[in-house]
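J.: So that you have it, the file is entry20.cif, and it contains mmCIF, C-alpha atoms:
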data_model
loop_
_atom_site.group_PDB
_atom_site.id
_atom_site.type_symbol
_atom_site.label_atom_id
_atom_site.label_comp_id
_atom_site.auth_asym_id
_atom_site.auth_seq_id
_atom_site.Cartn_x
_atom_site.Cartn_y
_atom_site.Cartn_z
ATOM 1 C CA MET G 1 0.000 0.000 0.000
ATOM 2 C CA ILE G 2 1.376 3.408 -0.992
ATOM 3 C CA ASP G 3 -0.586 6.436 0.211
ATOM 4 C CA ASN G 4 -3.377 4.035 1.137
ATOM 5 C CA GLN G 5 -3.586 2.753 -2.451
ATOM 6 C CA PRO G 6 -2.735 -0.791 -3.586
ATOM 7 C CA TRP G 7 0.234 -1.272 -5.894
ATOM 8 C CA PHE G 8 1.304 -4.574 -7.445
ATOM 9 C CA VAL G 9 4.777 -5.776 -8.445
ATOM 10 C CA ALA G 10 4.662 -5.566 -12.229
ATOM 11 C CA PRO G 11 6.578 -8.778 -13.094
ATOM 12 C CA ASP G 12 4.397 -10.772 -10.660
ATOM 13 C CA PHE G 13 1.210 -9.286 -12.079
ATOM 14 C CA ALA G 14 2.404 -9.947 -15.631
ATOM 15 C CA GLN G 15 3.045 -13.579 -14.674
ATOM 16 C CA LEU G 16 -0.437 -13.821 -13.119
ATOM 17 C CA MET G 17 -1.829 -12.624 -16.451
ATOM 18 C CA GLY G 18 0.264 -15.120 -18.423
ATOM 19 C CA LEU G 19 2.531 -12.500 -20.014
ATOM 20 C CA HIS G 20 6.101 -13.654 -20.462
ATOM 21 C CA ASN G 21 7.536 -10.147 -20.829
ATOM 22 C CA PRO G 22 6.604 -7.686 -18.040
ATOM 23 C CA ARG G 23 7.949 -4.804 -20.182
ATOM 24 C CA ARG G 24 4.912 -5.216 -22.464
ATOM 25 C CA LEU G 25 2.707 -4.618 -19.457
ATOM 26 C CA LEU G 26 4.648 -1.527 -18.368
ATOM 27 C CA HIS G 27 4.681 -0.032 -21.878
ATOM 28 C CA ALA G 28 0.881 -0.273 -22.032
ATOM 29 C CA LEU G 29 0.448 1.940 -18.969
ATOM 30 C CA GLU G 30 0.584 5.684 -18.402
ATOM 31 C CA ARG G 31 3.333 7.229 -16.292
ATOM 32 C CA PHE G 32 1.012 7.743 -13.299
ATOM 33 C CA GLU G 33 -0.082 4.075 -13.354
ATOM 34 C CA LYS G 34 3.435 2.752 -12.705
ATOM 35 C CA ARG G 35 6.384 3.592 -10.486
ATOM 36 C CA THR G 36 9.616 2.196 -9.143
ATOM 37 C CA VAL G 37 9.409 1.142 -5.488
ATOM 38 C CA LEU G 38 11.923 -0.135 -2.975
ATOM 39 C CA LEU G 39 10.814 -3.348 -1.280
ATOM 40 C CA ALA G 40 12.312 -4.153 2.120
ATOM 41 C CA HIS G 41 12.914 -7.838 2.799
ATOM 42 C CA THR G 42 13.056 -9.480 6.217
ATOM 43 C CA CYS G 43 16.780 -10.229 5.868
ATOM 44 C CA ASP G 44 17.612 -6.473 5.880
ATOM 45 C CA SER G 45 17.999 -6.348 2.127
ATOM 46 C CA HIS G 46 16.155 -4.150 -0.353
ATOM 47 C CA GLU G 47 15.016 -4.663 -3.910
ATOM 48 C CA GLU G 48 14.000 -2.041 -6.449
ATOM 49 C CA VAL G 49 11.020 -3.188 -8.523
ATOM 50 C CA GLU G 50 8.520 -1.759 -10.971
ATOM 51 C CA ALA G 51 4.982 -1.584 -9.568
ATOM 52 C CA ILE G 52 1.587 -0.804 -11.063
ATOM 53 C CA SER G 53 -1.416 0.839 -9.433
ATOM 54 C CA ASP G 54 -4.763 -0.889 -9.113
ATOM 55 C CA ALA G 55 -6.047 1.264 -12.005
ATOM 56 C CA GLY G 56 -3.034 0.114 -14.035
ATOM 57 C CA ALA G 57 -3.825 -3.494 -13.150
ATOM 58 C CA TYR G 58 -7.393 -3.166 -14.450
ATOM 59 C CA LYS G 59 -6.150 -1.399 -17.578
ATOM 60 C CA ALA G 60 -3.637 -4.193 -18.216
ATOM 61 C CA LEU G 61 -6.345 -6.835 -17.809
ATOM 62 C CA PHE G 62 -8.458 -5.002 -20.377
ATOM 63 C CA ARG G 63 -5.549 -4.295 -22.751
ATOM 64 C CA PHE G 64 -4.316 -7.904 -22.797
ATOM 65 C CA ALA G 65 -7.789 -9.417 -22.531
ATOM 66 C CA ARG G 66 -8.119 -13.171 -22.245
ATOM 67 C CA PRO G 67 -11.139 -15.129 -21.010
ATOM 68 C CA GLU G 68 -9.376 -16.091 -17.773
ATOM 69 C CA HIS G 69 -8.757 -12.406 -16.968
ATOM 70 C CA VAL G 70 -12.438 -12.013 -16.073
ATOM 71 C CA GLU G 71 -11.854 -14.092 -12.946
ATOM 72 C CA ILE G 72 -8.691 -12.150 -12.062
ATOM 73 C CA SER G 73 -10.570 -8.874 -12.493
ATOM 74 C CA ARG G 74 -13.454 -10.116 -10.347
ATOM 75 C CA TRP G 75 -11.039 -11.283 -7.629
ATOM 76 C CA LEU G 76 -9.251 -7.911 -7.665
ATOM 77 C CA SER G 77 -12.404 -5.802 -7.526
ATOM 78 C CA GLU G 78 -14.533 -7.936 -5.195
ATOM 79 C CA VAL G 79 -11.964 -9.446 -2.837
ATOM 80 C CA LEU G 80 -8.383 -8.205 -2.925
ATOM 81 C CA VAL G 81 -8.662 -4.414 -3.294
ATOM 82 C CA PRO G 82 -11.531 -4.013 -0.778
ATOM 83 C CA THR G 83 -9.674 -6.221 1.705
ATOM 84 C CA LEU G 84 -6.496 -4.189 1.304
ATOM 85 C CA HIS G 85 -8.437 -0.980 1.899
ATOM 86 C CA ASP G 86 -10.171 -2.436 4.967
ATOM 87 C CA TYR G 87 -7.083 -3.842 6.675
ATOM 88 C CA HIS G 88 -4.315 -1.478 5.683
ATOM 89 C CA ARG G 89 -5.741 1.899 6.550
ATOM 90 C CA ALA G 90 -2.942 3.810 8.145
ATOM 91 C CA PRO G 91 -3.922 6.826 10.241
ATOM 92 C CA SER G 92 -1.199 8.791 8.450
ATOM 93 C CA ALA G 93 -2.969 8.176 5.117
ATOM 94 C CA GLU G 94 -5.917 10.327 6.138
ATOM 95 C CA PRO G 95 -5.900 13.977 5.087
ATOM 96 C CA ARG G 96 -4.783 16.184 7.999
ATOM 97 C CA ARG G 97 -5.351 19.882 8.563
ATOM 98 C CA ALA G 98 -2.252 21.969 9.113
ATOM 99 C CA PHE G 99 -1.045 25.557 8.947
ATOM 100 C CA ILE G 100 1.952 26.984 7.170
ATOM 101 C CA SER G 101 3.555 30.398 7.426
ATOM 102 C CA TRP G 102 3.537 32.340 4.194
ATOM 103 C CA ALA G 103 4.270 36.032 3.792
ATOM 104 C CA ASN G 104 4.013 36.545 7.569
ATOM 105 C CA ARG G 105 0.557 34.912 7.690
ATOM 106 C CA GLN G 106 -0.777 31.578 8.857
ATOM 107 C CA VAL G 107 -2.544 29.804 5.994
ATOM 108 C CA GLY G 108 -4.631 26.673 6.451
ATOM 109 C CA VAL G 109 -3.659 23.686 4.309
ATOM 110 C CA VAL G 110 -4.334 19.981 4.140
ATOM 111 C CA ARG G 111 -1.480 17.460 4.233
ATOM 112 C CA TRP G 112 -2.376 14.480 2.094
ATOM 113 C CA GLN G 113 -0.461 12.032 -0.079
ATOM 114 C CA ARG G 114 2.835 13.717 0.829
ATOM 115 C CA GLU G 115 1.651 17.065 -0.554
ATOM 116 C CA LEU G 116 0.175 20.277 0.762
ATOM 117 C CA TRP G 117 -3.277 21.172 -0.573
ATOM 118 C CA VAL G 118 -4.528 24.749 -0.440
ATOM 119 C CA ALA G 119 -8.172 25.829 -0.598
ATOM 120 C CA TRP G 120 -9.085 28.163 -3.460
ATOM 121 C CA ARG G 121 -10.254 30.745 -0.935
ATOM 122 C CA ASP G 122 -6.731 30.856 0.549
ATOM 123 C CA LEU G 123 -4.943 31.189 -2.775
ATOM 124 C CA PRO G 124 -4.861 35.027 -2.620
ATOM 125 C CA ALA G 125 -2.596 34.758 0.435
ATOM 126 C CA PHE G 126 0.000 33.086 -1.786
ATOM 127 C CA LEU G 127 -0.444 35.642 -4.554
ATOM 128 C CA ALA G 128 -0.163 38.623 -2.194
ATOM 129 C CA ASP G 129 3.623 38.468 -2.039
ATOM 130 C CA GLY G 130 3.920 39.017 -5.800
ATOM 131 C CA GLN G 131 4.826 35.474 -6.853
ATOM 132 C CA GLU G 132 2.891 33.903 -9.695
ATOM 133 C CA VAL G 133 1.108 30.603 -9.206
ATOM 134 C CA SER G 134 0.327 28.496 -12.266
ATOM 135 C CA PRO G 135 -3.079 26.786 -12.390
#
If you convert what's in this file into structure tokens, what do you get?

T.:
Amino acid sequence: MIDNQPWFVAPDFAQLMGLHNPRRLLHALERFEKRTVLLAHTCDSHEEVEAISDAGAYKALFRFARPEHVEISRWLSEVLVPTLHDYHRAPSAEPRRAFISWANRQVGVVRWQRELWVAWRDLPAFLADGQEVSP
């Protein structure tokens, strides 16, 4: 789980789908549907692997459609993904209110998914110091 979202090791998922070359799977996905992650093993070693999001997994099942993929898709959507969401909710994954100092003012923000989110109503506070903000 990354930011409370399930991610799957791409070569393992490709094997589950019966693909012999995981690169085909990765090439079929958009940049935001895949990422490199560092897996920690119990023997204090680490492994860098390519992972795909749950949306990427569904897209791959559709893109490389085979009759047996219907059962994989059903298992993902009805069993695995809901179970992961139910049992792996980390309190830190919830959006949290916070304040930051900007131009000698306190501005309310939300910390979520390792980013700061600003309400539209607070955007003028960031523009007041003369810096441009791109939409």

J.: Near range 40-56 of chain G, within 12 Å and counting all atoms listed in the file, which residues show up once chain neighbours fewer than 6 positions away are dropped, as a ChimeraX atom specification?

T.: /G:1-14,22-23,25-34,62-64,73,76-77,80-82,84-85

J.: For this file, the PyMOL selection byres ((chain G and resi 114) around 10) selects which residues, as a PyMOL selection string?

T.: chain G and resi 3+92-93+95+111-113+115-117

J.: Can you pull out the residues contacting Val109 in chain G? Cut-off 8 Å, using only C-alpha atoms, and skip same-chain residues under 5 positions away; I want them as a list in words.

T.: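 Listing them by chain and then by number gives Arg97, Ala98, Phe99, Ile100, Leu116, Trp117, Val118 and Ala119 of chain G.
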
J.: Calculate how many Å separate CA of Leu16 in chain G from CA of His69 in chain G, rounding to one decimal.

T.: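 Calculated distance between CA of Leu16 in chain G and CA of His69 in chain G is 9.3 Å.
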
J.: Please report the interatomic distance between CA of Trp120 in chain G and CA of Ser101 in chain G in Å with one decimal.

T.: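 Distance between the two atoms: 16.8 Å.
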
J.: For CA of Thr36 in chain G and CA of Asn21 in chain G, determine how far apart the two atoms are, in Å to one decimal place.

T.: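 Going from CA of Thr36 in chain G over to CA of Asn21 in chain G covers 17.1 Å.
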
J.: Export range 1-134 of chain G from the structure block above, keeping C-alpha atoms, as a PDB file, in the first residue's frame.

T.:
ATOM      1  CA  MET G   1       0.000   0.000   0.000  1.00  0.00           C
ATOM      2  CA  ILE G   2       1.376   3.408  -0.992  1.00  0.00           C
ATOM      3  CA  ASP G   3      -0.586   6.436   0.211  1.00  0.00           C
ATOM      4  CA  ASN G   4      -3.377   4.035   1.137  1.00  0.00           C
ATOM      5  CA  GLN G   5      -3.586   2.753  -2.451  1.00  0.00           C
ATOM      6  CA  PRO G   6      -2.735  -0.791  -3.586  1.00  0.00           C
ATOM      7  CA  TRP G   7       0.234  -1.272  -5.894  1.00  0.00           C
ATOM      8  CA  PHE G   8       1.304  -4.574  -7.445  1.00  0.00           C
ATOM      9  CA  VAL G   9       4.777  -5.776  -8.445  1.00  0.00           C
ATOM     10  CA  ALA G  10       4.662  -5.566 -12.229  1.00  0.00           C
ATOM     11  CA  PRO G  11       6.578  -8.778 -13.094  1.00  0.00           C
ATOM     12  CA  ASP G  12       4.397 -10.772 -10.660  1.00  0.00           C
ATOM     13  CA  PHE G  13       1.210  -9.286 -12.079  1.00  0.00           C
ATOM     14  CA  ALA G  14       2.404  -9.947 -15.631  1.00  0.00           C
ATOM     15  CA  GLN G  15       3.045 -13.579 -14.674  1.00  0.00           C
ATOM     16  CA  LEU G  16      -0.437 -13.821 -13.119  1.00  0.00           C
ATOM     17  CA  MET G  17      -1.829 -12.624 -16.451  1.00  0.00           C
ATOM     18  CA  GLY G  18       0.264 -15.120 -18.423  1.00  0.00           C
ATOM     19  CA  LEU G  19       2.531 -12.500 -20.014  1.00  0.00           C
ATOM     20  CA  HIS G  20       6.101 -13.654 -20.462  1.00  0.00           C
ATOM     21  CA  ASN G  21       7.536 -10.147 -20.829  1.00  0.00           C
ATOM     22  CA  PRO G  22       6.604  -7.686 -18.040  1.00  0.00           C
ATOM     23  CA  ARG G  23       7.949  -4.804 -20.182  1.00  0.00           C
ATOM     24  CA  ARG G  24       4.912  -5.216 -22.464  1.00  0.00           C
ATOM     25  CA  LEU G  25       2.707  -4.618 -19.457  1.00  0.00           C
ATOM     26  CA  LEU G  26       4.648  -1.527 -18.368  1.00  0.00           C
ATOM     27  CA  HIS G  27       4.681  -0.032 -21.878  1.00  0.00           C
ATOM     28  CA  ALA G  28       0.881  -0.273 -22.032  1.00  0.00           C
ATOM     29  CA  LEU G  29       0.448   1.940 -18.969  1.00  0.00           C
ATOM     30  CA  GLU G  30       0.584   5.684 -18.402  1.00  0.00           C
ATOM     31  CA  ARG G  31       3.333   7.229 -16.292  1.00  0.00           C
ATOM     32  CA  PHE G  32       1.012   7.743 -13.299  1.00  0.00           C
ATOM     33  CA  GLU G  33      -0.082   4.075 -13.354  1.00  0.00           C
ATOM     34  CA  LYS G  34       3.435   2.752 -12.705  1.00  0.00           C
ATOM     35  CA  ARG G  35       6.384   3.592 -10.486  1.00  0.00           C
ATOM     36  CA  THR G  36       9.616   2.196  -9.143  1.00  0.00           C
ATOM     37  CA  VAL G  37       9.409   1.142  -5.488  1.00  0.00           C
ATOM     38  CA  LEU G  38      11.923  -0.135  -2.975  1.00  0.00           C
ATOM     39  CA  LEU G  39      10.814  -3.348  -1.280  1.00  0.00           C
ATOM     40  CA  ALA G  40      12.312  -4.153   2.120  1.00  0.00           C
ATOM     41  CA  HIS G  41      12.914  -7.838   2.799  1.00  0.00           C
ATOM     42  CA  THR G  42      13.056  -9.480   6.217  1.00  0.00           C
ATOM     43  CA  CYS G  43      16.780 -10.229   5.868  1.00  0.00           C
ATOM     44  CA  ASP G  44      17.612  -6.473   5.880  1.00  0.00           C
ATOM     45  CA  SER G  45      17.999  -6.348   2.127  1.00  0.00           C
ATOM     46  CA  HIS G  46      16.155  -4.150  -0.353  1.00  0.00           C
ATOM     47  CA  GLU G  47      15.016  -4.663  -3.910  1.00  0.00           C
ATOM     48  CA  GLU G  48      14.000  -2.041  -6.449  1.00  0.00           C
ATOM     49  CA  VAL G  49      11.020  -3.188  -8.523  1.00  0.00           C
ATOM     50  CA  GLU G  50       8.520  -1.759 -10.971  1.00  0.00           C
ATOM     51  CA  ALA G  51       4.982  -1.584  -9.568  1.00  0.00           C
ATOM     52  CA  ILE G  52       1.587  -0.804 -11.063  1.00  0.00           C
ATOM     53  CA  SER G  53      -1.416   0.839  -9.433  1.00  0.00           C
ATOM     54  CA  ASP G  54      -4.763  -0.889  -9.113  1.00  0.00           C
ATOM     55  CA  ALA G  55      -6.047   1.264 -12.005  1.00  0.00           C
ATOM     56  CA  GLY G  56      -3.034   0.114 -14.035  1.00  0.00           C
ATOM     57  CA  ALA G  57      -3.825  -3.494 -13.150  1.00  0.00           C
ATOM     58  CA  TYR G  58      -7.393  -3.166 -14.450  1.00  0.00           C
ATOM     59  CA  LYS G  59      -6.150  -1.399 -17.578  1.00  0.00           C
ATOM     60  CA  ALA G  60      -3.637  -4.193 -18.216  1.00  0.00           C
ATOM     61  CA  LEU G  61      -6.345  -6.835 -17.809  1.00  0.00           C
ATOM     62  CA  PHE G  62      -8.458  -5.002 -20.377  1.00  0.00           C
ATOM     63  CA  ARG G  63      -5.549  -4.295 -22.751  1.00  0.00           C
ATOM     64  CA  PHE G  64      -4.316  -7.904 -22.797  1.00  0.00           C
ATOM     65  CA  ALA G  65      -7.789  -9.417 -22.531  1.00  0.00           C
ATOM     66  CA  ARG G  66      -8.119 -13.171 -22.245  1.00  0.00           C
ATOM     67  CA  PRO G  67     -11.139 -15.129 -21.010  1.00  0.00           C
ATOM     68  CA  GLU G  68      -9.376 -16.091 -17.773  1.00  0.00           C
ATOM     69  CA  HIS G  69      -8.757 -12.406 -16.968  1.00  0.00           C
ATOM     70  CA  VAL G  70     -12.438 -12.013 -16.073  1.00  0.00           C
ATOM     71  CA  GLU G  71     -11.854 -14.092 -12.946  1.00  0.00           C
ATOM     72  CA  ILE G  72      -8.691 -12.150 -12.062  1.00  0.00           C
ATOM     73  CA  SER G  73     -10.570  -8.874 -12.493  1.00  0.00           C
ATOM     74  CA  ARG G  74     -13.454 -10.116 -10.347  1.00  0.00           C
ATOM     75  CA  TRP G  75     -11.039 -11.283  -7.629  1.00  0.00           C
ATOM     76  CA  LEU G  76      -9.251  -7.911  -7.665  1.00  0.00           C
ATOM     77  CA  SER G  77     -12.404  -5.802  -7.526  1.00  0.00           C
ATOM     78  CA  GLU G  78     -14.533  -7.936  -5.195  1.00  0.00           C
ATOM     79  CA  VAL G  79     -11.964  -9.446  -2.837  1.00  0.00           C
ATOM     80  CA  LEU G  80      -8.383  -8.205  -2.925  1.00  0.00           C
ATOM     81  CA  VAL G  81      -8.662  -4.414  -3.294  1.00  0.00           C
ATOM     82  CA  PRO G  82     -11.531  -4.013  -0.778  1.00  0.00           C
ATOM     83  CA  THR G  83      -9.674  -6.221   1.705  1.00  0.00           C
ATOM     84  CA  LEU G  84      -6.496  -4.189   1.304  1.00  0.00           C
ATOM     85  CA  HIS G  85      -8.437  -0.980   1.899  1.00  0.00           C
ATOM     86  CA  ASP G  86     -10.171  -2.436   4.967  1.00  0.00           C
ATOM     87  CA  TYR G  87      -7.083  -3.842   6.675  1.00  0.00           C
ATOM     88  CA  HIS G  88      -4.315  -1.478   5.683  1.00  0.00           C
ATOM     89  CA  ARG G  89      -5.741   1.899   6.550  1.00  0.00           C
ATOM     90  CA  ALA G  90      -2.942   3.810   8.145  1.00  0.00           C
ATOM     91  CA  PRO G  91      -3.922   6.826  10.241  1.00  0.00           C
ATOM     92  CA  SER G  92      -1.199   8.791   8.450  1.00  0.00           C
ATOM     93  CA  ALA G  93      -2.969   8.176   5.117  1.00  0.00           C
ATOM     94  CA  GLU G  94      -5.917  10.327   6.138  1.00  0.00           C
ATOM     95  CA  PRO G  95      -5.900  13.977   5.087  1.00  0.00           C
ATOM     96  CA  ARG G  96      -4.783  16.184   7.999  1.00  0.00           C
ATOM     97  CA  ARG G  97      -5.351  19.882   8.563  1.00  0.00           C
ATOM     98  CA  ALA G  98      -2.252  21.969   9.113  1.00  0.00           C
ATOM     99  CA  PHE G  99      -1.045  25.557   8.947  1.00  0.00           C
ATOM    100  CA  ILE G 100       1.952  26.984   7.170  1.00  0.00           C
ATOM    101  CA  SER G 101       3.555  30.398   7.426  1.00  0.00           C
ATOM    102  CA  TRP G 102       3.537  32.340   4.194  1.00  0.00           C
ATOM    103  CA  ALA G 103       4.270  36.032   3.792  1.00  0.00           C
ATOM    104  CA  ASN G 104       4.013  36.545   7.569  1.00  0.00           C
ATOM    105  CA  ARG G 105       0.557  34.912   7.690  1.00  0.00           C
ATOM    106  CA  GLN G 106      -0.777  31.578   8.857  1.00  0.00           C
ATOM    107  CA  VAL G 107      -2.544  29.804   5.994  1.00  0.00           C
ATOM    108  CA  GLY G 108      -4.631  26.673   6.451  1.00  0.00           C
ATOM    109  CA  VAL G 109      -3.659  23.686   4.309  1.00  0.00           C
ATOM    110  CA  VAL G 110      -4.334  19.981   4.140  1.00  0.00           C
ATOM    111  CA  ARG G 111      -1.480  17.460   4.233  1.00  0.00           C
ATOM    112  CA  TRP G 112      -2.376  14.480   2.094  1.00  0.00           C
ATOM    113  CA  GLN G 113      -0.461  12.032  -0.079  1.00  0.00           C
ATOM    114  CA  ARG G 114       2.835  13.717   0.829  1.00  0.00           C
ATOM    115  CA  GLU G 115       1.651  17.065  -0.554  1.00  0.00           C
ATOM    116  CA  LEU G 116       0.175  20.277   0.762  1.00  0.00           C
ATOM    117  CA  TRP G 117      -3.277  21.172  -0.573  1.00  0.00           C
ATOM    118  CA  VAL G 118      -4.528  24.749  -0.440  1.00  0.00           C
ATOM    119  CA  ALA G 119      -8.172  25.829  -0.598  1.00  0.00           C
ATOM    120  CA  TRP G 120      -9.085  28.163  -3.460  1.00  0.00           C
ATOM    121  CA  ARG G 121     -10.254  30.745  -0.935  1.00  0.00           C
ATOM    122  CA  ASP G 122      -6.731  30.856   0.549  1.00  0.00           C
ATOM    123  CA  LEU G 123      -4.943  31.189  -2.775  1.00  0.00           C
ATOM    124  CA  PRO G 124      -4.861  35.027  -2.620  1.00  0.00           C
ATOM    125  CA  ALA G 125      -2.596  34.758   0.435  1.00  0.00           C
ATOM    126  CA  PHE G 126       0.000  33.086  -1.786  1.00  0.00           C
ATOM    127  CA  LEU G 127      -0.444  35.642  -4.554  1.00  0.00           C
ATOM    128  CA  ALA G 128      -0.163  38.623  -2.194  1.00  0.00           C
ATOM    129  CA  ASP G 129       3.623  38.468  -2.039  1.00  0.00           C
ATOM    130  CA  GLY G 130       3.920  39.017  -5.800  1.00  0.00           C
ATOM    131  CA  GLN G 131       4.826  35.474  -6.853  1.00  0.00           C
ATOM    132  CA  GLU G 132       2.891  33.903  -9.695  1.00  0.00           C
ATOM    133  CA  VAL G 133       1.108  30.603  -9.206  1.00  0.00           C
ATOM    134  CA  SER G 134       0.327  28.496 -12.266  1.00  0.00           C
TER     135      SER G 134
END
